[in-house]
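Peer 1: work-v8.txt (compact mmCIF, N, CA and C atoms) pasted underneath:
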```txt
# COMPACT_ATOMS: atom_id res chain seq x y z
N MET A 1 82.45 95.17 55.06
CA MET A 1 82.78 94.10 55.95
C MET A 1 84.02 94.51 56.76
N ALA A 2 83.96 94.29 58.08
CA ALA A 2 85.06 94.66 58.96
C ALA A 2 86.10 93.54 59.00
N ILE A 3 87.35 93.96 59.11
CA ILE A 3 88.43 92.98 59.27
C ILE A 3 89.16 93.27 60.57
N PRO A 4 89.63 92.24 61.25
CA PRO A 4 90.33 92.48 62.52
C PRO A 4 91.65 93.20 62.28
N ILE A 5 91.97 94.12 63.16
CA ILE A 5 93.22 94.87 63.04
C ILE A 5 94.39 93.99 63.45
N ARG A 6 94.22 93.21 64.50
CA ARG A 6 95.26 92.29 64.93
C ARG A 6 94.63 91.15 65.73
N GLY A 7 95.37 90.10 65.90
CA GLY A 7 94.87 88.93 66.60
C GLY A 7 94.75 89.17 68.09
N ILE A 8 93.99 88.33 68.76
CA ILE A 8 93.81 88.40 70.20
C ILE A 8 94.93 87.61 70.87
N PRO A 9 95.68 88.24 71.78
CA PRO A 9 96.76 87.50 72.44
C PRO A 9 96.20 86.41 73.36
N VAL A 10 96.87 85.26 73.37
CA VAL A 10 96.44 84.13 74.18
C VAL A 10 97.63 83.64 74.99
N LEU A 11 97.44 83.47 76.30
CA LEU A 11 98.50 82.94 77.14
C LEU A 11 98.51 81.42 77.03
N GLU A 12 99.70 80.86 76.99
CA GLU A 12 99.82 79.41 76.88
C GLU A 12 100.90 78.91 77.83
N GLY A 13 100.84 77.64 78.17
CA GLY A 13 101.88 76.98 78.94
C GLY A 13 102.03 77.51 80.36
N GLU A 14 103.29 77.61 80.79
CA GLU A 14 103.60 78.03 82.16
C GLU A 14 103.09 79.43 82.46
N VAL A 15 103.14 80.33 81.49
CA VAL A 15 102.67 81.70 81.69
C VAL A 15 101.17 81.69 82.00
N ALA A 16 100.40 80.88 81.31
CA ALA A 16 98.97 80.78 81.54
C ALA A 16 98.68 80.21 82.93
N ARG A 17 99.44 79.18 83.31
CA ARG A 17 99.24 78.59 84.64
C ARG A 17 99.56 79.59 85.74
N ARG A 18 100.65 80.35 85.57
CA ARG A 18 101.02 81.35 86.56
C ARG A 18 99.94 82.44 86.67
N PHE A 19 99.41 82.85 85.51
CA PHE A 19 98.37 83.88 85.49
C PHE A 19 97.14 83.42 86.27
N VAL A 20 96.69 82.19 86.02
CA VAL A 20 95.50 81.66 86.70
C VAL A 20 95.77 81.54 88.20
N LYS A 21 96.96 81.08 88.57
CA LYS A 21 97.31 80.94 89.99
C LYS A 21 97.27 82.30 90.69
N GLU A 22 97.89 83.31 90.07
CA GLU A 22 97.90 84.64 90.67
C GLU A 22 96.49 85.25 90.72
N ALA A 23 95.69 84.99 89.72
CA ALA A 23 94.31 85.50 89.71
C ALA A 23 93.51 84.91 90.86
N LYS A 24 93.66 83.61 91.10
CA LYS A 24 92.94 82.97 92.20
C LYS A 24 93.42 83.48 93.55
N GLU A 25 94.73 83.69 93.69
CA GLU A 25 95.25 84.23 94.95
C GLU A 25 94.72 85.64 95.20
N ASN A 26 94.66 86.44 94.15
CA ASN A 26 94.17 87.82 94.31
C ASN A 26 92.67 87.87 94.57
N GLU A 27 91.93 86.88 94.09
CA GLU A 27 90.50 86.80 94.36
C GLU A 27 90.25 86.70 95.86
N LYS A 28 91.11 86.00 96.56
CA LYS A 28 90.96 85.82 98.00
C LYS A 28 91.23 87.12 98.77
N LYS A 29 91.96 88.03 98.16
CA LYS A 29 92.34 89.29 98.82
C LYS A 29 91.32 90.40 98.58
N ARG A 30 90.27 90.15 97.82
CA ARG A 30 89.30 91.20 97.49
C ARG A 30 88.71 91.82 98.75
N GLY A 31 88.66 93.14 98.77
CA GLY A 31 88.02 93.85 99.87
C GLY A 31 88.82 93.85 101.15
N THR A 32 90.11 93.63 101.09
CA THR A 32 90.91 93.56 102.31
C THR A 32 91.69 94.84 102.59
N TYR A 33 91.50 95.87 101.78
CA TYR A 33 92.22 97.12 102.00
C TYR A 33 91.67 97.82 103.24
N ARG A 34 92.54 98.25 104.12
CA ARG A 34 92.13 98.92 105.36
C ARG A 34 92.29 100.42 105.21
N PHE A 35 91.22 101.15 105.48
CA PHE A 35 91.27 102.60 105.45
C PHE A 35 91.58 103.12 106.84
N SER A 36 92.27 104.26 106.91
CA SER A 36 92.59 104.85 108.21
C SER A 36 91.31 105.38 108.84
N GLU A 37 91.34 105.53 110.16
CA GLU A 37 90.17 106.06 110.86
C GLU A 37 89.86 107.47 110.39
N GLU A 38 90.90 108.22 110.06
CA GLU A 38 90.71 109.59 109.57
C GLU A 38 89.96 109.59 108.24
N SER A 39 90.31 108.67 107.35
CA SER A 39 89.64 108.57 106.05
C SER A 39 88.17 108.18 106.22
N VAL A 40 87.91 107.24 107.12
CA VAL A 40 86.53 106.80 107.36
C VAL A 40 85.70 107.93 107.94
N ALA A 41 86.28 108.67 108.89
CA ALA A 41 85.55 109.79 109.51
C ALA A 41 85.27 110.87 108.48
N SER A 42 86.24 111.13 107.61
CA SER A 42 86.05 112.14 106.56
C SER A 42 84.93 111.73 105.61
N TYR A 43 84.93 110.47 105.21
CA TYR A 43 83.89 109.95 104.32
C TYR A 43 82.51 110.09 104.95
N LYS A 44 82.40 109.68 106.22
CA LYS A 44 81.11 109.76 106.91
C LYS A 44 80.63 111.20 107.00
N GLY A 45 81.56 112.13 107.23
CA GLY A 45 81.20 113.54 107.29
C GLY A 45 80.66 114.05 105.96
N ILE A 46 81.30 113.65 104.90
CA ILE A 46 80.87 114.07 103.56
C ILE A 46 79.48 113.52 103.26
N ILE A 47 79.24 112.26 103.59
CA ILE A 47 77.93 111.64 103.33
C ILE A 47 76.84 112.31 104.16
N GLU A 48 77.12 112.57 105.43
CA GLU A 48 76.12 113.23 106.28
C GLU A 48 75.77 114.62 105.75
N LYS A 49 76.80 115.35 105.31
CA LYS A 49 76.56 116.69 104.77
C LYS A 49 75.72 116.61 103.48
N ALA A 50 76.00 115.63 102.65
CA ALA A 50 75.26 115.45 101.41
C ALA A 50 73.81 115.09 101.71
N LYS A 51 73.57 114.26 102.73
CA LYS A 51 72.20 113.92 103.11
C LYS A 51 71.47 115.15 103.63
N LYS A 52 72.17 115.96 104.43
CA LYS A 52 71.58 117.15 105.01
C LYS A 52 71.10 118.12 103.93
N PHE A 53 71.89 118.28 102.87
CA PHE A 53 71.55 119.22 101.80
C PHE A 53 70.78 118.56 100.66
N GLY A 54 70.54 117.26 100.78
CA GLY A 54 69.78 116.56 99.75
C GLY A 54 70.51 116.40 98.43
N THR A 55 71.83 116.39 98.47
CA THR A 55 72.59 116.28 97.23
C THR A 55 73.15 114.88 97.00
N LEU A 56 72.78 113.94 97.84
CA LEU A 56 73.24 112.57 97.69
C LEU A 56 72.46 111.94 96.53
N PRO A 57 73.15 111.45 95.51
CA PRO A 57 72.45 110.95 94.33
C PRO A 57 71.76 109.60 94.52
N LEU A 58 71.85 109.00 95.69
CA LEU A 58 71.24 107.68 95.89
C LEU A 58 69.79 107.75 96.24
```
Show this structure as structure tokens.

Peer 2:
Amino acid sequence: MAIPIRGIPVLEGEVARRFVKEAKENEKKRGTYRFSEESVASYKGIIEKAKKFGTLPL
């Protein structure tokens, strides 16, 4: 029979409220990172080359 090594930490009170508030705020920011044009061009080049040689795993 297995026994737990330690208890599961649980947030309570103000700390829990702050955590939930920050989590909801960060949910709104999902996918908002902007890549430079150079990064996008490099990525597209890599994908095109992979398609050309048939090495794209998709």

Peer 1: May I have all residues of region 28-57 of chain A that DSSP, computed from the backbone, assigns to alpha helix (DSSP H), given as a count of residues only?

Peer 2: 18

Peer 1: So what do you get for atom N of Arg18 (chain A) versus atom N of Arg30 (chain A), distance-wise?

Peer 2: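 A separation of 18.8 Å between them.
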
Peer 1: In Å, with one decimal, what is the gap from atom N of Lys29 (chain A) to CA of Glu12 (chain A)?

Peer 2: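 Separation of atom N of Lys29 (chain A) and CA of Glu12 (chain A): 24.3 Å.
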
Peer 1: What gap, in Å, lies between CA of Ala16 (chain A) and atom N of Ile3 (chain A)?

Peer 2: 28.5 Å

Peer 1: Which residues come within 8 Å of region 32-47 of chain A, counting only N, CA and C atoms, excluding same-chain residues fewer than 5 positions away, as a ChimeraX atom specification?

Peer 2: /A:52-53,56
